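This is upload.cif (mmCIF, C-alpha atoms).
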data_run
loop_
_atom_site.label_atom_id
_atom_site.label_comp_id
_atom_site.auth_asym_id
_atom_site.auth_seq_id
_atom_site.Cartn_x
_atom_site.Cartn_y
_atom_site.Cartn_z
CA MET A 1 154.00 186.52 54.00
CA ARG A 2 150.42 187.23 55.01
CA ALA A 3 150.14 183.81 56.72
CA LEU A 4 153.37 184.54 58.61
CA LYS A 5 151.95 187.88 59.81
CA VAL A 6 148.77 186.17 61.05
CA ALA A 7 150.79 183.48 62.88
CA LEU A 8 153.07 186.10 64.40
CA GLY A 9 150.02 188.15 65.43
CA LEU A 10 148.63 185.15 67.28
CA VAL A 11 151.86 184.64 69.18
CA VAL A 12 152.59 188.25 70.14
CA ASP A 13 148.94 188.91 71.03
CA ASP A 14 149.57 187.31 74.40
CA VAL A 15 152.94 185.64 74.86
CA ARG A 16 151.92 184.30 78.30
CA LEU A 17 148.89 182.47 76.93
CA VAL A 18 150.85 180.76 74.15
CA GLY A 19 153.89 180.18 76.38
CA VAL A 20 151.99 178.36 79.15
CA LEU A 21 149.99 176.39 76.58
CA ALA A 22 153.17 175.34 74.73
CA LEU A 23 154.75 174.29 78.05
CA PHE A 24 151.81 171.99 78.91
CA LEU A 25 151.79 170.52 75.38
CA LEU A 26 155.53 169.80 75.66
CA VAL A 27 154.94 168.10 79.02
CA ALA A 28 152.12 166.06 77.42
CA PHE A 29 154.41 165.01 74.57
CA GLY A 30 157.15 164.08 77.06
CA LEU A 31 154.72 162.00 79.13
CA HIS A 32 153.53 160.22 75.99
CA GLU A 33 157.12 159.48 74.99
CA ALA A 34 157.69 158.12 78.50
CA GLY A 35 154.83 155.67 77.91
CA ARG A 36 152.27 157.45 80.13
CA PRO A 37 149.33 158.34 77.84
CA GLY A 38 146.88 158.90 80.73
CA PRO A 39 148.83 161.69 82.48
CA ALA A 40 149.64 163.07 78.98
CA ALA A 41 145.90 163.56 78.36
CA LEU A 42 145.61 165.25 81.76
CA ALA A 43 148.46 167.63 80.88
CA VAL A 44 146.69 168.73 77.67
CA TRP A 45 143.42 169.16 79.58
CA VAL A 46 144.92 171.16 82.47
CA GLY A 47 146.95 173.30 80.06
CA LEU A 48 143.78 174.98 78.72
CA PRO A 49 142.47 176.56 81.96
CA ALA A 50 146.02 177.17 83.24
CA SER A 51 147.05 179.23 80.20
CA LEU A 52 143.75 181.11 80.22
CA ALA A 53 144.07 181.91 83.94
CA VAL A 54 147.66 183.18 83.62
CA SER A 55 146.74 185.39 80.67
CA VAL A 56 143.55 186.87 82.17
CA ASN A 57 145.21 187.40 85.56
CA HIS A 58 147.96 189.37 83.81
CA GLN A 59 145.36 191.60 82.14
CA VAL A 60 143.64 192.22 85.50
CA ARG A 61 146.96 193.18 87.12
CA LEU A 62 147.70 195.60 84.27
CA LYS A 63 144.27 197.18 84.71
CA LEU A 64 144.63 197.48 88.50
CA ARG A 65 148.09 199.05 88.18
CA LYS A 66 146.66 201.92 86.07
CA MET B 1 125.37 142.54 46.83
CA PHE B 2 124.42 145.51 48.98
CA ASN B 3 125.63 145.18 52.59
CA TRP B 4 123.22 146.99 54.95
CA TYR B 5 125.38 146.37 58.01
CA VAL B 6 128.41 148.06 56.38
CA MET B 7 126.22 150.91 55.18
CA GLY B 8 124.81 151.46 58.70
CA THR B 9 128.23 151.33 60.36
CA SER B 10 129.73 153.66 57.78
CA PHE B 11 126.75 156.02 58.18
CA VAL B 12 127.17 156.27 61.97
CA GLY B 13 130.98 156.69 61.81
CA ALA B 14 130.81 159.36 59.10
CA PHE B 15 127.80 161.04 60.79
CA VAL B 16 129.82 161.71 63.97
CA GLU B 17 132.66 163.30 61.96
CA PHE B 18 130.28 165.38 59.80
CA VAL B 19 128.44 166.68 62.88
CA GLU B 20 131.78 167.84 64.29
CA ALA B 21 132.61 169.58 60.99
CA LEU B 22 129.13 171.15 60.89
CA THR B 23 129.58 172.49 64.44
CA ILE B 24 132.73 174.33 63.36
CA ILE B 25 131.17 175.64 60.11
CA LEU B 26 128.05 176.94 61.93
CA ALA B 27 130.09 178.48 64.74
CA VAL B 28 132.50 180.26 62.40
CA GLY B 29 129.67 181.31 60.07
CA THR B 30 127.65 182.84 62.90
CA ILE B 31 130.43 184.97 64.35
CA ARG B 32 132.78 185.61 61.39
CA GLY B 33 130.38 185.60 58.43
CA TRP B 34 128.78 182.91 56.28
CA ARG B 35 130.66 183.70 53.12
CA SER B 36 134.14 182.95 54.48
CA SER B 37 132.88 179.96 56.52
CA LEU B 38 131.05 178.29 53.61
CA LEU B 39 133.90 179.05 51.20
CA GLY B 40 136.34 177.44 53.65
CA ALA B 41 134.13 174.36 54.00
CA LEU B 42 133.61 174.11 50.23
CA THR B 43 137.35 174.41 49.58
CA ALA B 44 137.98 171.59 52.08
CA VAL B 45 135.36 169.39 50.37
CA LEU B 46 136.92 170.05 46.95
CA ILE B 47 140.44 169.23 48.21
CA LEU B 48 139.14 166.03 49.83
CA ALA B 49 137.21 165.05 46.70
CA ALA B 50 140.29 165.65 44.53
CA LEU B 51 142.52 163.68 46.94
CA THR B 52 140.08 160.77 47.13
CA GLY B 53 139.47 160.83 43.36
CA VAL B 54 143.17 160.88 42.45
CA VAL B 55 144.61 158.59 45.15
CA GLY B 56 141.54 156.44 45.86
CA ALA B 57 141.50 153.77 48.56
CA PRO B 58 145.32 153.89 49.18
CA LEU B 59 144.72 157.37 50.68
CA VAL B 60 144.57 155.71 54.11
CA GLY B 61 148.20 154.66 53.76
CA VAL B 62 149.42 157.80 51.96
CA ILE B 63 148.33 160.45 54.48
CA HIS B 64 149.62 160.21 58.01
CA LEU B 65 146.77 161.44 60.20
CA PHE B 66 149.29 162.35 62.94
CA TRP B 67 150.65 165.37 61.05
CA VAL B 68 147.22 166.55 59.87
CA GLN B 69 145.80 166.34 63.42
CA LEU B 70 148.83 168.12 64.90
CA ALA B 71 148.88 170.96 62.35
CA ILE B 72 145.12 171.58 62.29
CA GLY B 73 144.84 171.04 66.05
CA LEU B 74 147.42 173.78 66.64
CA VAL B 75 145.64 176.21 64.29
CA MET B 76 142.26 175.49 65.90
CA LEU B 77 143.66 175.73 69.44
CA LEU B 78 145.39 179.06 68.78
CA PHE B 79 142.34 180.64 67.11
CA GLY B 80 139.96 179.20 69.71
CA ILE B 81 141.80 180.11 72.89
CA ARG B 82 142.46 183.62 71.56
CA TRP B 83 138.73 184.13 70.91
CA LEU B 84 137.89 182.65 74.32
CA ARG B 85 140.38 184.92 76.07
CA LYS B 86 138.82 187.97 74.38
CA ALA B 87 135.32 186.80 75.34
CA VAL B 88 136.40 186.35 78.99
CA LEU B 89 137.99 189.82 78.98
CA ARG B 90 134.75 191.28 77.59
CA TYR B 91 132.57 189.59 80.23
CA ALA B 92 135.04 190.63 82.93
CA GLY B 93 134.75 194.26 81.81
CA LEU B 94 138.39 194.48 80.75
CA LYS B 95 137.56 194.94 77.08
CA ALA B 96 134.76 196.88 75.41
CA MET B 97 131.98 194.59 74.17
CA HIS B 98 132.07 195.69 70.55
CA ASP B 99 135.50 197.13 69.98
CA GLU B 100 136.71 194.10 68.05
CA GLU B 101 133.81 194.34 65.60
CA GLU B 102 134.46 198.04 65.11
CA SER B 103 138.16 197.56 64.48
CA TYR B 104 137.40 194.61 62.18
CA ARG B 105 134.89 196.68 60.20
CA LYS B 106 137.31 199.60 60.00
CA THR B 107 140.10 197.33 58.76
CA VAL B 108 137.85 195.70 56.13
CA ASP B 109 136.54 199.13 55.02
CA ARG B 110 140.06 200.46 54.75
CA GLN B 111 141.23 197.42 52.78
CA ARG B 112 138.12 197.54 50.60
CA ARG B 113 138.79 201.18 49.75
CA ALA B 114 142.36 200.25 48.89
CA GLY B 115 141.05 197.39 46.74
CA GLN B 116 142.84 194.79 48.88
CA VAL B 117 139.87 192.59 49.77
CA ARG B 118 136.44 191.74 48.51
CA ALA B 119 133.53 192.77 50.69
CA GLY B 120 132.85 190.58 53.73
CA PHE B 121 135.69 188.09 53.36
CA ASP B 122 137.35 187.01 56.59
CA HIS B 123 140.65 185.13 56.40
CA ALA B 124 140.56 183.79 59.98
CA GLY B 125 137.03 182.44 59.45
CA PHE B 126 138.00 180.89 56.10
CA THR B 127 141.11 179.18 57.52
CA THR B 128 139.25 177.84 60.58
CA ALA B 129 136.32 176.46 58.56
CA LEU B 130 138.66 174.98 55.93
CA SER B 131 140.99 173.24 58.40
CA GLY B 132 138.16 171.93 60.60
CA THR B 133 136.13 170.60 57.68
CA PHE B 134 139.22 169.11 56.06
CA LEU B 135 140.27 167.15 59.15
CA GLU B 136 136.78 165.89 60.01
CA GLY B 137 136.08 165.10 56.35
CA LEU B 138 139.39 163.23 56.07
CA GLU B 139 138.48 161.15 59.12
CA ALA B 140 135.07 160.39 57.57
CA VAL B 141 136.76 159.35 54.30
CA PHE B 142 139.15 157.09 56.25
CA ILE B 143 136.19 155.48 58.08
CA VAL B 144 134.31 154.82 54.83
CA ILE B 145 137.39 153.42 53.05
CA THR B 146 138.37 151.24 56.05
CA PHE B 147 134.88 149.75 56.48
CA GLY B 148 134.49 149.32 52.71
CA LEU B 149 137.83 147.54 52.28
CA ALA B 150 137.51 145.40 55.42
CA ALA B 151 134.06 144.08 54.45
CA GLY B 152 134.73 144.04 50.71
CA ALA B 153 131.64 146.21 50.24
CA MET B 154 132.87 149.61 49.11
CA PRO B 155 129.60 150.76 47.41
CA SER B 156 127.65 150.10 50.64
CA ALA B 157 130.22 152.00 52.75
CA VAL B 158 130.22 154.94 50.29
CA ALA B 159 126.39 154.99 50.34
CA GLY B 160 126.46 155.16 54.15
CA GLY B 161 128.99 158.02 54.08
CA LEU B 162 127.03 159.99 51.48
CA GLY B 163 123.78 159.40 53.41
CA ALA B 164 125.38 160.86 56.55
CA LEU B 165 126.57 163.87 54.53
CA VAL B 166 123.04 164.55 53.23
CA VAL B 167 121.43 164.23 56.71
CA VAL B 168 124.02 166.48 58.40
CA THR B 169 123.82 169.11 55.62
CA ALA B 170 120.01 169.23 56.02
CA GLY B 171 120.45 169.60 59.79
CA GLY B 172 122.89 172.47 59.24
CA LEU B 173 120.45 174.33 57.00
CA ALA B 174 117.72 173.96 59.63
CA LEU B 175 119.97 175.18 62.47
CA ARG B 176 121.36 178.23 60.68
CA LYS B 177 118.49 180.62 61.46
CA PRO B 178 117.92 179.75 65.16
CA LEU B 179 121.67 180.18 65.79
CA ALA B 180 121.58 183.74 64.45
CA LYS B 181 119.29 184.69 67.39
CA VAL B 182 121.90 183.79 70.03
CA PRO B 183 123.52 186.97 71.50
CA GLU B 184 126.79 187.72 69.72
CA ASN B 185 129.10 187.83 72.73
CA LEU B 186 127.68 184.61 74.15
CA MET B 187 128.16 182.99 70.75
CA LYS B 188 131.79 184.11 70.67
CA PHE B 189 132.34 182.66 74.13
CA VAL B 190 130.81 179.32 73.08
CA VAL B 191 132.75 179.23 69.80
CA GLY B 192 136.01 179.99 71.63
CA VAL B 193 135.33 177.09 74.02
CA MET B 194 134.41 174.73 71.18
CA LEU B 195 137.37 175.50 68.91
CA THR B 196 139.79 175.29 71.85
CA SER B 197 138.35 171.90 72.84
CA PHE B 198 138.51 170.55 69.28
CA GLY B 199 142.10 171.81 68.91
CA ALA B 200 143.23 170.30 72.23
CA PHE B 201 141.49 167.02 71.40
CA TRP B 202 143.21 166.72 68.02
CA ILE B 203 146.64 167.60 69.39
CA GLY B 204 146.10 164.94 72.06
CA GLU B 205 145.04 162.45 69.38
CA SER B 206 148.20 163.20 67.40
CA PHE B 207 150.28 162.47 70.53
CA HIS B 208 148.20 159.28 71.07
CA VAL B 209 147.24 160.35 74.59
CA ALA B 210 144.67 158.14 76.34
CA TRP B 211 141.51 160.30 76.32
CA PRO B 212 138.95 158.71 78.65
CA GLY B 213 135.76 158.38 76.59
CA ALA B 214 137.31 158.70 73.08
CA ASP B 215 135.26 161.19 70.97
CA LEU B 216 133.15 162.13 74.03
CA THR B 217 136.29 163.85 75.33
CA ILE B 218 135.28 167.00 73.41
CA PHE B 219 132.19 167.35 75.63
CA TYR B 220 133.99 167.24 78.98
CA LEU B 221 136.88 169.35 77.67
CA ALA B 222 134.35 171.98 76.52
CA GLY B 223 132.21 171.69 79.68
CA THR B 224 135.07 172.15 82.15
CA LEU B 225 136.65 174.91 80.08
CA ALA B 226 133.35 176.83 79.78
CA LEU B 227 132.75 176.54 83.53
CA PHE B 228 136.28 177.65 84.31
CA ALA B 229 136.23 180.58 81.84
CA TRP B 230 132.87 181.77 83.20
CA THR B 231 134.15 181.57 86.80
CA VAL B 232 137.33 183.47 85.89
CA ALA B 233 135.25 186.20 84.17
CA ALA B 234 133.00 186.54 87.25
CA TRP B 235 136.02 186.62 89.59
CA CYS B 236 137.70 189.34 87.49
CA ARG B 237 134.50 191.40 87.41
CA GLY B 238 134.23 191.17 91.21
CA ARG B 239 137.87 192.08 91.72
CA LEU B 240 137.65 195.11 89.42
CA ARG B 241 134.43 196.30 91.14
CA LYS B 242 136.05 195.94 94.55
CA ASP B 243 139.05 197.91 93.36
CA ALA B 244 136.81 200.62 91.85
CA ARG B 245 134.91 200.92 95.17
CA SER B 246 138.09 201.19 97.27
CA THR B 247 139.58 203.75 94.85
CA GLY B 248 136.35 205.76 95.07
CA GLU B 249 136.49 205.70 98.87
CA VAL B 250 140.08 207.01 98.90
CA ALA B 251 139.19 209.74 96.40
#
Write-out of the structure in structure tokens:
Amino acid sequence: MRALKVALGLVVDDVRLVGVLALFLLVAFGLHEAGRPGPAALAVWVGLPASLAVSVNHQVRLKLRK
Amino acid sequence: MFNWYVMGTSFVGAFVEFVEALTIILAVGTIRGWRSSLLGALTAVLILAALTGVVGAPLVGVIHLFWVQLAIGLVMLLFGIRWLRKAVLRYAGLKAMHDEEESYRKTVDRQRRAGQVRAGFDHAGFTTALSGTFLEGLEAVFIVITFGLAAGAMPSAVAGGLGALVVVTAGGLALRKPLAKVPENLMKFVVGVMLTSFGAFWIGESFHVAWPGADLTIFYLAGTLALFAWTVAAWCRGRLRKDARSTGEVA
């Protein structure tokens, strides 16, 4: 139960961050399944800054709206 | 007969994995507390020792590294990127520098008063140290077993692995004090970058993606991510300052 709460806390902490990250990981998995391991690595790599940027940009917008 | 070549190869292979585990243990210990970090690492070592003792050499065929890398990679990536995001928000001025520590202390105090936790124990730190040490340790065990079986010189391979463990542990003890002098927020930023890079690397490994540079991937993943996160923090700070100035002018 406690582990579930921690996992849930991670997800709801910033849905955008986890959502974008999950999307890039799914793309990477798809590329690997399609026999393209090079672009799959690139998808994992790009997913890190992309998810971070989307999440931080959202926080900045929230702050500026106040 | 003792095989020095197998011992040397096993030493180098295990050394790389142990250094990676040590990095995680030191990072988690510095920012989340030594007790939970060392307990996590010790638990991982005990699980590995029990697994290796009970299953022995067939361990390589019993455990599918894919699932371990995927599960631990996801845990590490989620913890790491969350810590990195908070560090970026702090440097950008969107989050108070110490509010997380205060809320953490308050929560622990509250739980301690209610008798829910023992003093100073941190579950996130424990889980991160345990999973990181377990995966790196498992990879080291696989390396030792593979070299030992392939060359028919298991005692030499085990000696190499144990030698690497002793050297890396001594290095960890020496590095513990200097690391404590690094500013806390900078340390959290670095740890966030490192855990995120390790997590992404392992998830990629589990997918069998083609990382250019194999284990060196962690360095360029961490380097580009740190540079990007720092740039984003600086950009946010500038944007907020500009907004504060224009709001002040209107007022």
Evaluate the PyMOL selection byres ((chain A) within 7 of (chain B)) and record the selected residues as an mmCIF file with C-alpha atoms, in the frame of the given file, following the chain and residue labels used in the document.
data_model
loop_
_atom_site.group_PDB
_atom_site.id
_atom_site.type_symbol
_atom_site.label_atom_id
_atom_site.label_comp_id
_atom_site.auth_asym_id
_atom_site.auth_seq_id
_atom_site.Cartn_x
_atom_site.Cartn_y
_atom_site.Cartn_z
ATOM 1 C CA PHE A 29 154.410 165.010 74.570
ATOM 2 C CA HIS A 32 153.530 160.220 75.990
ATOM 3 C CA PRO A 37 149.330 158.340 77.840
ATOM 4 C CA GLY A 38 146.880 158.900 80.730
ATOM 5 C CA ALA A 40 149.640 163.070 78.980
ATOM 6 C CA ALA A 41 145.900 163.560 78.360
ATOM 7 C CA VAL A 44 146.690 168.730 77.670
ATOM 8 C CA TRP A 45 143.420 169.160 79.580
ATOM 9 C CA PRO A 49 142.470 176.560 81.960
ATOM 10 C CA LEU A 52 143.750 181.110 80.220
ATOM 11 C CA VAL A 60 143.640 192.220 85.500
#
Checklist entry - Between B:Leu216, B:Leu195, B:Ala157, B:Leu46, which has the minimum distance to Met76 of chain B (counting all atoms listed in the file)? => result B:Leu195
Checklist entry - Could you write out as a list in words the residues that the PyMOL selection byres ((chain B and resi 158) around 9) matches in the shown file? => result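 Checked against the file, the PyMOL selection byres ((chain B and resi 158) around 9) matches Met7, Ser10, Phe11, Val141, Val144, Ile145, Gly148, Ala153, Met154, Pro155, Ser156, Ala157, Ala159, Gly160, Gly161, Leu162 and Gly163 of chain B.
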Item to check | One-decimal distance in Å that lies between atom CA of Gly56 of chain B and atom CA of Glu20 of chain B | outcome: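 Those two atoms sit 23.8 Å apart.
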Next on the checklist: So, with all atoms listed in the file as the atoms that count, which of B:Leu186, B:Gly192, B:Gly125, B:Ala174 lies closest to Trp34 of chain B?
Outcome noted: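 Result for the nearest residue to Trp34 of chain B: B:Gly125.
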